[in-house]
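Peer 1: So that you have it, the file is start.txt, and it contains compact mmCIF, C-alpha atoms:
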```
# COMPACT_ATOMS: atom_id res chain seq x y z
CA MET V 1 80.63 104.70 118.61
CA THR V 2 82.16 107.99 117.59
CA ASP V 3 79.90 111.01 117.20
CA ILE V 4 80.60 111.69 113.51
CA ALA V 5 79.31 115.29 113.53
CA ARG V 6 81.53 116.14 116.52
CA LEU V 7 84.52 114.47 114.89
CA HIS V 8 83.94 116.41 111.65
CA ARG V 9 83.78 119.71 113.59
CA GLU V 10 86.99 118.80 115.44
CA LEU V 11 88.75 118.09 112.14
CA GLY V 12 87.47 121.27 110.50
CA ILE V 13 85.33 119.54 107.90
CA PRO V 14 82.67 122.03 106.76
CA ALA V 15 79.08 120.94 107.39
CA ASP V 16 78.28 121.40 103.69
CA PHE V 17 81.31 119.41 102.50
CA LEU V 18 79.30 116.28 101.77
CA SER V 19 76.69 118.02 99.61
CA GLY V 20 77.08 117.21 95.92
CA ARG V 21 79.61 114.43 96.52
CA GLN V 22 77.19 111.50 96.79
CA PRO V 23 78.87 110.12 99.92
CA VAL V 24 77.72 106.87 101.38
CA ARG V 25 77.72 106.50 105.15
CA GLU V 26 79.47 103.20 105.73
CA PRO V 27 78.47 100.83 108.53
CA CYS V 28 81.13 99.49 110.84
CA ALA V 29 82.47 96.00 110.25
CA GLY V 30 81.28 92.87 112.01
CA ASP V 31 83.52 89.84 112.48
CA LEU V 32 87.00 90.54 111.14
CA ILE V 33 89.51 87.98 109.82
CA GLN V 34 93.24 88.63 109.35
CA ILE V 35 94.28 88.27 105.70
CA GLY V 36 97.81 89.62 105.94
CA THR V 37 100.18 91.92 107.76
CA LYS V 38 101.18 95.50 107.01
CA GLU V 39 104.85 96.46 106.73
CA ASP V 40 104.64 97.87 110.27
CA GLY V 41 103.46 94.51 111.60
CA HIS V 42 99.81 95.47 112.13
CA PRO V 43 97.23 92.97 110.87
CA ILE V 44 95.23 93.57 107.71
CA LEU V 45 91.62 92.67 108.46
CA LEU V 46 88.52 92.05 106.37
CA GLU V 47 84.95 91.12 107.27
CA GLN V 48 84.59 87.32 107.20
CA SER V 49 82.78 86.89 103.85
CA ALA V 50 85.05 89.45 102.18
CA ALA V 51 88.11 87.67 103.61
CA GLU V 52 86.94 84.30 102.31
CA SER V 53 86.31 85.75 98.86
CA TRP V 54 89.67 87.58 98.93
CA ILE V 55 91.50 84.31 99.63
CA ALA V 56 89.64 82.52 96.82
CA MET V 57 90.40 85.42 94.45
CA CYS V 58 94.10 85.43 95.36
CA ASN V 59 94.31 81.67 94.76
CA ALA V 60 92.65 82.03 91.35
CA ALA V 61 94.94 84.93 90.40
CA GLU V 62 98.00 82.95 91.49
CA ARG V 63 96.92 80.02 89.29
CA ASP V 64 96.96 82.54 86.42
CA GLY V 65 100.43 83.77 87.40
CA VAL V 66 99.28 86.98 89.10
CA LEU V 67 100.21 87.90 92.67
CA LEU V 68 97.74 90.07 94.61
CA GLU V 69 99.01 91.63 97.84
CA PRO V 70 96.81 93.28 100.50
CA VAL V 71 97.93 96.77 101.51
CA SER V 72 95.07 97.94 103.72
CA GLY V 73 91.71 96.58 104.83
CA PHE V 74 89.46 97.52 107.73
CA ARG V 75 89.94 100.96 109.28
CA SER V 76 87.97 102.23 112.25
CA VAL V 77 86.44 105.71 112.16
CA GLU V 78 89.02 106.77 114.74
CA TYR V 79 91.91 105.40 112.65
CA GLN V 80 90.61 107.24 109.56
CA ALA V 81 90.41 110.43 111.63
CA GLY V 82 94.01 109.89 112.76
CA LEU V 83 95.16 109.62 109.13
CA LEU V 84 93.39 112.89 108.35
CA ARG V 85 94.90 114.58 111.44
CA SER V 86 98.40 113.48 110.39
CA LYS V 87 97.96 115.01 106.95
CA LEU V 88 96.66 118.25 108.50
CA GLU V 89 99.66 118.35 110.86
CA GLU V 90 101.95 117.96 107.83
CA GLY V 91 100.39 121.17 106.50
CA GLN V 92 98.29 119.65 103.74
CA PRO V 93 95.14 121.67 102.96
CA LEU V 94 91.90 119.98 103.98
CA ASP V 95 90.44 120.29 100.46
CA ASP V 96 93.44 118.40 99.04
CA ILE V 97 93.24 115.69 101.70
CA LEU V 98 89.55 115.07 101.09
CA GLN V 99 90.20 114.42 97.40
CA VAL V 100 92.44 111.46 98.28
CA MET V 101 90.72 110.00 101.33
CA ALA V 102 87.18 109.60 102.59
CA VAL V 103 85.77 111.63 105.43
CA PRO V 104 85.79 109.61 108.68
CA GLY V 105 82.47 107.79 108.92
CA TYR V 106 82.15 107.61 105.13
CA SER V 107 85.01 105.28 104.19
CA GLU V 108 84.36 101.87 102.66
CA HIS V 109 87.26 100.70 104.83
CA HIS V 110 84.95 101.04 107.87
CA THR V 111 82.86 98.15 106.52
CA GLY V 112 85.70 95.66 106.52
CA CYS V 113 84.82 94.94 102.88
CA ALA V 114 87.24 97.36 101.17
CA ILE V 115 90.79 96.42 100.36
CA ASP V 116 93.69 98.29 98.83
CA ILE V 117 95.61 95.91 96.56
CA ASN V 118 99.13 95.92 95.20
CA THR V 119 101.42 93.60 93.27
CA PRO V 120 105.22 93.21 93.13
CA GLY V 121 106.91 95.93 91.12
CA CYS V 122 104.37 98.65 91.89
CA GLU V 123 104.41 101.40 94.48
CA ALA V 124 101.48 100.82 96.82
CA CYS V 125 98.40 102.98 96.32
CA GLU V 126 99.67 104.70 93.19
CA GLU V 127 97.93 105.10 89.84
CA GLU V 128 100.68 103.08 88.13
CA PHE V 129 98.87 99.99 89.47
CA GLU V 130 96.44 100.33 86.54
CA ASP V 131 99.28 99.30 84.18
CA SER V 132 99.96 96.05 86.05
CA ALA V 133 98.95 92.50 85.15
CA ALA V 134 97.23 92.43 88.55
CA PHE V 135 94.89 95.31 87.62
CA ALA V 136 94.13 93.72 84.24
CA TRP V 137 93.34 90.44 86.01
CA LEU V 138 91.15 92.17 88.60
CA SER V 139 89.30 94.12 85.90
CA LYS V 140 88.42 90.85 84.19
CA HIS V 141 87.85 88.51 87.17
CA ALA V 142 87.22 90.41 90.43
CA GLY V 143 83.47 90.64 89.83
CA ALA V 144 83.20 86.86 89.92
CA PHE V 145 84.47 87.03 93.51
CA GLY V 146 82.16 89.90 94.50
CA PHE V 147 84.74 92.72 94.27
CA THR V 148 84.28 95.94 92.31
CA LEU V 149 86.51 98.93 91.66
CA SER V 150 85.19 101.62 94.00
CA TYR V 151 86.71 104.76 92.54
CA PRO V 152 87.00 104.62 88.76
CA LYS V 153 88.01 107.70 86.81
CA ASN V 154 85.53 110.58 87.20
CA ASN V 155 83.55 108.80 89.92
CA PRO V 156 80.54 110.64 91.40
CA ARG V 157 81.91 110.53 94.97
CA GLY V 158 84.56 113.15 94.24
CA VAL V 159 87.46 110.83 95.13
CA ILE V 160 90.54 110.56 92.93
CA TYR V 161 90.91 107.55 90.63
CA GLU V 162 92.09 104.64 92.79
CA PRO V 163 92.79 101.55 90.67
CA TRP V 164 94.06 99.78 93.82
CA HIS V 165 90.85 100.19 95.91
CA TRP V 166 88.31 97.37 95.55
CA CYS V 167 85.25 96.57 97.65
CA TYR V 168 83.38 93.34 98.29
CA SER V 169 79.60 93.46 98.19
```
Kindly return the structure encoded in the file as structure tokens.

Peer 2:
Amino acid sequence: MTDIARLHRELGIPADFLSGRQPVREPCAGDLIQIGTKEDGHPILLEQSAAESWIAMCNAAERDGVLLEPVSGFRSVEYQAGLLRSKLEEGQPLDDILQVMAVPGYSEHHTGCAIDINTPGCEACEEEFEDSAAFAWLSKHAGAFGFTLSYPKNNPRGVIYEPWHWCYS
């Protein structure tokens, strides 16, 4: 397992960054099931119970004429750190990056229970998703399948509004 404190120092994340943001240290996933494939060919994985619920939810949405597409699921701490490193190398300020992604070790994606969702006609992981029939369907029905919207507007975790990011619990 990665030493989170060492990783944070390496990435330049200030020790006091997490204060006042109500972060939740996320456990690493157990058994992972493939629920789709990313555009680059890599598998999209979810923890087994989340995967089973995701499939049931997609089937129910499809019966209602709504197509839900997985964009991203499980991410290891190391993968999350790599995403952060890439943004730093592009010249993005750390403060800006940490408003749009969780600190490695504190991402719901580490649990294997978080999924980023899209639907045809929307740009993946963009706020416009909230105007889609898929978001309206999720807002009404996702709770019945154990999924909740993780980052609503003005959430206490200090993360931007992410209408595409849902987590199984």

Peer 1: At what distance in Å, to one decimal, does atom CA of Asp96 of chain V lie from atom CA of Asp16 of chain V?

Peer 2: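 A separation of 16.1 Å between them.
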
Peer 1: What is the distance between atom CA of Ala51 of chain V and atom CA of Asp64 of chain V, in Å to one decimal?

Peer 2: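 Taking atom CA of Ala51 of chain V as the start and atom CA of Asp64 of chain V as the end point, the length is 20.0 Å.
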
Peer 1: Can you pull out the residues contacting Ala144 of chain V? Cut-off 12 Å, using all atoms listed in the file, and skip same-chain residues under 3 positions away; I want them as a ChimeraX atom specification.

Peer 2: /V:53-54,56-57,60-61,137-141,147-148,168-169

Peer 1: Would you write out those residues with C-alpha atoms, as a PDB file, keeping the file's coordinate frame?

Peer 2:
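Final file, part.pdb:
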```pdb
ATOM      1  CA  SER V  53      86.310  85.750  98.860  1.00  0.00           C
ATOM      2  CA  TRP V  54      89.670  87.580  98.930  1.00  0.00           C
ATOM      3  CA  ALA V  56      89.640  82.520  96.820  1.00  0.00           C
ATOM      4  CA  MET V  57      90.400  85.420  94.450  1.00  0.00           C
ATOM      5  CA  ALA V  60      92.650  82.030  91.350  1.00  0.00           C
ATOM      6  CA  ALA V  61      94.940  84.930  90.400  1.00  0.00           C
ATOM      7  CA  TRP V 137      93.340  90.440  86.010  1.00  0.00           C
ATOM      8  CA  LEU V 138      91.150  92.170  88.600  1.00  0.00           C
ATOM      9  CA  SER V 139      89.300  94.120  85.900  1.00  0.00           C
ATOM     10  CA  LYS V 140      88.420  90.850  84.190  1.00  0.00           C
ATOM     11  CA  HIS V 141      87.850  88.510  87.170  1.00  0.00           C
ATOM     12  CA  PHE V 147      84.740  92.720  94.270  1.00  0.00           C
ATOM     13  CA  THR V 148      84.280  95.940  92.310  1.00  0.00           C
ATOM     14  CA  TYR V 168      83.380  93.340  98.290  1.00  0.00           C
ATOM     15  CA  SER V 169      79.600  93.460  98.190  1.00  0.00           C
TER      16      SER V 169
END
```

Peer 1: Rank V:Asp116, V:Glu90, V:Asp40, V:Asp95 by their smallest atom-to-atom distance to Ser72 of chain V, using only C-alpha atoms, and report the top residue only.

Peer 2: V:Asp116

Peer 1: For Ser132 of chain V, which residue out of V:Cys58, V:Leu45, V:Leu67, V:Leu84 is the nearest one, using only C-alpha atoms?

Peer 2: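 The answer is V:Leu67, which sits nearest to Ser132 of chain V.
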
Peer 1: For each of V:Val71, V:Val77, V:Val103, V:Val159, take the minimum atom-to-atom distance to Asp3 of chain V, counting all atoms listed in the file, then give the residue where this is smallest.

Peer 2: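 Comparing V:Val71, V:Val77, V:Val103, V:Val159 against Asp3 of chain V, the winner is V:Val77.
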
Peer 1: Go through V:Glu78, V:Glu162, V:Glu126, V:Glu108 one by one, measure the shortest atom-to-atom distance of each to Leu7 of chain V using all atoms listed in the file, and give the residue with the smallest value.

Peer 2: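 For Leu7 of chain V, the nearest of the candidates is V:Glu78.
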
Peer 1: Might you pull out every residue within 6 Å of Glu69 of chain V, with all atoms listed in the file counted and same-chain residues fewer than 2 positions away left off, and present them as a list in words?

Peer 2: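 Answer for this query is Ile117, Asn118 and Thr119 of chain V.
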
Peer 1: Write out the residues from the selection above, keeping C-alpha atoms, as a JSON list (two decimals), in the frame of the given file.

Peer 2:
```json
[["chain", "number", "residue", "atom", "x", "y", "z"],
["V", 117, "ILE", "CA", 95.61, 95.91, 96.56],
["V", 118, "ASN", "CA", 99.13, 95.92, 95.20],
["V", 119, "THR", "CA", 101.42, 93.60, 93.27]]
```

Peer 1: Kindly give the distance, in Å, that separates atom CA of Gly82 of chain V and atom CA of Asn154 of chain V, rounded to a single decimal.

Peer 2: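 About the pair atom CA of Gly82 of chain V and atom CA of Asn154 of chain V: they are 26.9 Å apart.
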
Peer 1: Taking into account all atoms listed in the file, which residue in the set V:Arg25, V:Arg85, V:Arg63, V:His42 is nearest to Glu10 of chain V?

Peer 2: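 Residue with the minimum atom-to-atom distance to Glu10 of chain V: V:Arg85.
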
Peer 1: Calculated over all atoms listed in the file, which of the candidates V:Ile44, V:Cys122, V:Leu149, V:Ala15 has the smallest distance to Arg75 of chain V?

Peer 2: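 Among the listed residues, V:Ile44 lies closest to Arg75 of chain V.
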